[in-house]
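Here's the structure we're looking at; comments come further down.
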Amino acid sequence: MSATLMRAVIQNDFGGPEMLRVEQVPRPVPLPTEVLVRVHAAGINPVDWKTRSGTGMAGVLGEPPFILGWDVSGVVEETGFGVTIFEPGDEVFGMPWFPRAGGGYAEYVTAPARQFARKPAGLTHEQAAAVPLAALTAWQALVDTAGLRAGQRVLIHAAAGGVGHFAVQFAKHLGAHVIGTASSGRHDWLTKLGADELVDYTAVRFEDAARDVDVVIDLVGDDHDRTSTRSLDVLRPGGLLVAIPAGVSAELAEAARSRGMRASAFLVEPDGPALTRIAELIDAGVVTVEVEAVFALEQVARAHARGETDRTRGKLVLRVAS
């Protein structure tokens with residue numbers, strides 16, 4: 001293994017999955033307060049393929065070339081000056097730098113130490129790499145943004161997806177009554193995760209099946225059949241809509257205000273302490289992680305094509321190192 005080079009997935013232009021190529025690139029060096037992590041596995045998220053195509057975080061990253069990926073699990077290889085919470089050999093997972101370039105589709109990443117947490121002891125690296133972005137999105141939306149309390153009713157759109165399946169479990173852990181939208185084939189599994197009611201969005205309009213909701217976690221957006229706007233029909237007065245993929249338009253914000261409701265945009269942030277709490281819930285058996293498929297780094301284009309079908313259960317992951 002070269003001490004100065006590493007394998008990484010490089011994107012040289014915007015476009016389809018064929019834009020992703022594995023190449024040799026310089027290995028990063030940790031700055032003070034940073035750690036160098038040897039990546040064993042990298043999670044794949046919708047923001048990855050959206051960014052690859054020119055949307056998502058493309059406006060933040062700028063023009064290619066760049067290395068996609070924000071979910072990583074691996075082992076600390078080296079620590080920069082001032083790092084006291086980790087040492088070489090520690091197994092960690094995290095969501096480095098989001099929404100700036102994280103470089104997760106690579107053999108090594110560097111980032112501030114406090115953007116990582118210790119990997120849950122009971123998870124493989126492939127499972128742990130499926131956690132950070134999706135679980136932090138669910139946690140920060142429910143806990144920090146919505147302040148979800150026991151006894152409240154929460155509706156989670158796309159409950160079977162990467163973020164959704166964590167949101168169901170966190171909401172149940174917080175004592176909420178959990179309603180989820182998902183195709184009927186996912187209902188038994190989501191019930192085991194803690195969902196109290198499930199709506200088959202392919203057969204029923206969710207606003208005809210759900211009522212008196214305190215919080216809606218919308219992981220679909222108005223671009224798909226006006227899901228955000230229609231969600232106002234299920235909210236109680238004073239209720240909150242957290243619109244995650246597309247944000248809140250001026251029209252949606254005004255519609256919510258006119259009905260005595262709130263609509264909030266949301267973007268996840270790196271959060272080592274929250275990841276530590278999530279790891280504790282995973283190790284305690286309160287939260288489980290669903291990985292639908294694991295791909296080799298060289299199969300990254302195939303993994304993106306699979307993800308873009310929007311039919312995955314849980315997460316897709318790249319295996320970077322054994």
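Chains: A, B, ... in order of the structure tokens. Residues: from 1 per chain. Ligands: from 1, in order shown.
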- Task: Could you give me, as an NGL selection string, the residues within 6 Å of Ala111 of chain A, counting only C-alpha atoms and dropping anything in the same chain fewer than 6 positions from it?
- Result: :A and (34-35 or 96)
Go ahead and write the selection's residues with all heavy atoms as an mmCIF file, in the first residue's frame.
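Just written: selection-v4.cif:
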```
data_model
loop_
_atom_site.group_PDB
_atom_site.id
_atom_site.type_symbol
_atom_site.label_atom_id
_atom_site.label_comp_id
_atom_site.auth_asym_id
_atom_site.auth_seq_id
_atom_site.Cartn_x
_atom_site.Cartn_y
_atom_site.Cartn_z
ATOM 1 N N GLU A 34 -7.601 17.173 13.567
ATOM 2 C CA GLU A 34 -8.205 16.212 12.642
ATOM 3 C C GLU A 34 -7.666 14.805 12.878
ATOM 4 O O GLU A 34 -6.594 14.614 13.465
ATOM 5 C CB GLU A 34 -7.945 16.610 11.190
ATOM 6 C CG GLU A 34 -8.636 17.887 10.760
ATOM 7 C CD GLU A 34 -8.438 18.179 9.301
ATOM 8 O OE1 GLU A 34 -7.590 17.531 8.641
ATOM 9 O OE2 GLU A 34 -9.140 19.072 8.788
ATOM 10 N N VAL A 35 -8.441 13.827 12.380
ATOM 11 C CA VAL A 35 -7.983 12.440 12.352
ATOM 12 C C VAL A 35 -7.941 11.956 10.909
ATOM 13 O O VAL A 35 -8.729 12.398 10.067
ATOM 14 C CB VAL A 35 -8.897 11.510 13.191
ATOM 15 C CG1 VAL A 35 -8.754 11.802 14.664
ATOM 16 C CG2 VAL A 35 -10.350 11.621 12.753
ATOM 17 N N PRO A 96 -18.309 13.174 7.838
ATOM 18 C CA PRO A 96 -17.376 14.290 7.782
ATOM 19 C C PRO A 96 -17.775 15.391 6.803
ATOM 20 O O PRO A 96 -18.171 15.123 5.676
ATOM 21 C CB PRO A 96 -16.060 13.627 7.365
ATOM 22 C CG PRO A 96 -16.458 12.359 6.684
ATOM 23 C CD PRO A 96 -17.699 11.914 7.381
#
```
- DSSP strand (DSSP E or B) residues within segment 58-268 of chain A, listed as a PyMOL selection string: chain A and resi 66+71-79+91-94+106+108-112+116-118+153-156+177-181+197-199+213-218+235-243+262-265
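Distance-wise, atom CA of Thr309 of chain A and atom CA of Asp225 of chain A end up 17.2 Å apart.
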- Message: Report as number ranges by chain all protein, DNA and RNA residues lying within 9 Å of segment 167-179 of chain A, evaluated on only C-alpha atoms, omitting residues in the same chain fewer than 3 positions from it.
- Response: A: 134-135, 137-139, 141-143, 148-157, 159-160, 162-164, 190, 193-199, 210, 213, 217, 286-288
- Message: Residues within 7 Å of Gly102 of chain A, please, as an MDAnalysis selection string. Count only C-alpha atoms; anything in the same chain fewer than 4 positions from it doesn't count.
- Response: chainID A and resid 68:70 96:98
- Message: One number please: atom CA of Gly147 of chain A to atom CA of Pro273 of chain A, in Å, one decimal.
- Response: 17.2 Å
Would you write out, as a Markdown table, a table of all residues in segment 163-276 of chain A that have an atom no more than 12 Å from an atom of segment 38-49 of chain A, listing for each the closest atom pair and the distance in Å to one decimal, considering only C-alpha atoms and ordering rows by chain and rising residue number?
```
| residue | atom | partner | partner_atom | distance |
| --- | --- | --- | --- | --- |
| A:Val163 | CA | A:Asn45 | CA | 9.3 |
| A:Leu219 | CA | A:Pro46 | CA | 10.8 |
| A:Val220 | CA | A:Pro46 | CA | 11.3 |
| A:Ile244 | CA | A:Val47 | CA | 11.4 |
| A:Pro245 | CA | A:Val47 | CA | 8.9 |
| A:Ala246 | CA | A:Val47 | CA | 11.3 |
| A:Leu267 | CA | A:Val47 | CA | 11.2 |
| A:Val268 | CA | A:Val47 | CA | 11.4 |
```
Shell around Ala284 of chain A at 10 Å using only C-alpha atoms, local window under 4 positions removed, as an mmCIF file with N, CA, C and O atoms, in the first residue's frame:
```cif
data_model
loop_
_atom_site.group_PDB
_atom_site.id
_atom_site.type_symbol
_atom_site.label_atom_id
_atom_site.label_comp_id
_atom_site.auth_asym_id
_atom_site.auth_seq_id
_atom_site.Cartn_x
_atom_site.Cartn_y
_atom_site.Cartn_z
ATOM 1 N N PRO A 120 -20.481 1.655 16.871
ATOM 2 C CA PRO A 120 -21.203 0.703 17.723
ATOM 3 C C PRO A 120 -20.508 -0.657 17.708
ATOM 4 O O PRO A 120 -20.192 -1.195 16.643
ATOM 5 N N GLY A 122 -21.495 -3.592 18.245
ATOM 6 C CA GLY A 122 -22.210 -4.722 17.671
ATOM 7 C C GLY A 122 -22.411 -4.675 16.170
ATOM 8 O O GLY A 122 -23.033 -5.577 15.595
ATOM 9 N N ILE A 278 -26.688 7.825 19.468
ATOM 10 C CA ILE A 278 -27.280 6.853 18.541
ATOM 11 C C ILE A 278 -26.565 5.509 18.656
ATOM 12 O O ILE A 278 -27.206 4.442 18.655
ATOM 13 N N ALA A 279 -25.238 5.535 18.769
ATOM 14 C CA ALA A 279 -24.474 4.292 18.933
ATOM 15 C C ALA A 279 -24.891 3.558 20.200
ATOM 16 O O ALA A 279 -24.980 2.320 20.224
ATOM 17 N N GLU A 280 -25.157 4.313 21.271
ATOM 18 C CA GLU A 280 -25.607 3.689 22.521
ATOM 19 C C GLU A 280 -26.953 2.992 22.325
ATOM 20 O O GLU A 280 -27.171 1.879 22.844
ATOM 21 N N THR A 288 -32.157 -0.769 15.249
ATOM 22 C CA THR A 288 -31.488 -1.678 14.325
ATOM 23 C C THR A 288 -31.176 -0.941 13.022
ATOM 24 O O THR A 288 -31.788 0.075 12.697
#
```
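What separates atom CA of Asp212 of chain A from atom CA of Gly185 of chain A is a distance of 25.8 Å.
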- Rank A:Leu241, A:Val60, A:Ala106, A:Leu275 by their smallest atom-to-atom distance to Val131 of chain A, using only C-alpha atoms, and report the top residue only. A:Leu275
- Picked from segment 97-242 of chain A by DSSP as alpha helix (DSSP H), as a PyMOL selection string: chain A and resi 125-129+132-139+162-173+187-193+206-209+227-231
Distance query Thr145 of chain A at most 10 Å, only C-alpha atoms, self and fewer than 5 positions along chain excluded, as a short mmCIF file (atom, residue, chain, number, x, y, z; two decimals) with N, CA, C and O atoms, in the first residue's frame:
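File written: out16.cif
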```
data_model
loop_
_atom_site.label_atom_id
_atom_site.label_comp_id
_atom_site.auth_asym_id
_atom_site.auth_seq_id
_atom_site.Cartn_x
_atom_site.Cartn_y
_atom_site.Cartn_z
N TRP A 139 -32.59 12.00 13.67
CA TRP A 139 -32.44 12.44 15.06
C TRP A 139 -32.58 13.96 15.17
O TRP A 139 -33.33 14.46 16.01
N GLN A 140 -31.86 14.68 14.34
CA GLN A 140 -31.90 16.14 14.43
C GLN A 140 -33.27 16.69 14.04
O GLN A 140 -33.72 17.69 14.60
N LEU A 240 -46.26 20.95 13.14
CA LEU A 240 -45.02 21.28 12.44
C LEU A 240 -44.78 20.31 11.29
O LEU A 240 -44.81 19.09 11.47
N VAL A 242 -41.74 19.27 8.85
CA VAL A 242 -40.30 19.36 8.60
C VAL A 242 -40.07 18.83 7.19
O VAL A 242 -40.18 17.62 6.95
N SER A 264 -40.90 23.96 8.38
CA SER A 264 -39.48 24.22 8.58
C SER A 264 -38.66 23.45 7.56
O SER A 264 -38.86 22.25 7.36
N ALA A 265 -37.72 24.16 6.93
CA ALA A 265 -36.71 23.48 6.13
C ALA A 265 -35.68 22.85 7.07
O ALA A 265 -35.64 23.16 8.26
N PHE A 266 -34.84 21.99 6.53
CA PHE A 266 -33.91 21.26 7.39
C PHE A 266 -32.74 20.75 6.56
O PHE A 266 -32.92 20.29 5.43
#
```
- Note on the structure: From the list A:Glu87, A:Glu23, A:Glu290, A:Glu77, the nearest residue to Phe166 of chain A using only C-alpha atoms is A:Glu290
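With only C-alpha atoms taken into account, the protein and nucleic acid residues at most 9 Å from Val75 of chain A (excluding it and anything under 6 positions from it in its own chain) are Leu36, Val37, Arg38, Val39, His40, Pro88, Gly89, Asp90, Glu91, Val92 and Phe93 of chain A.
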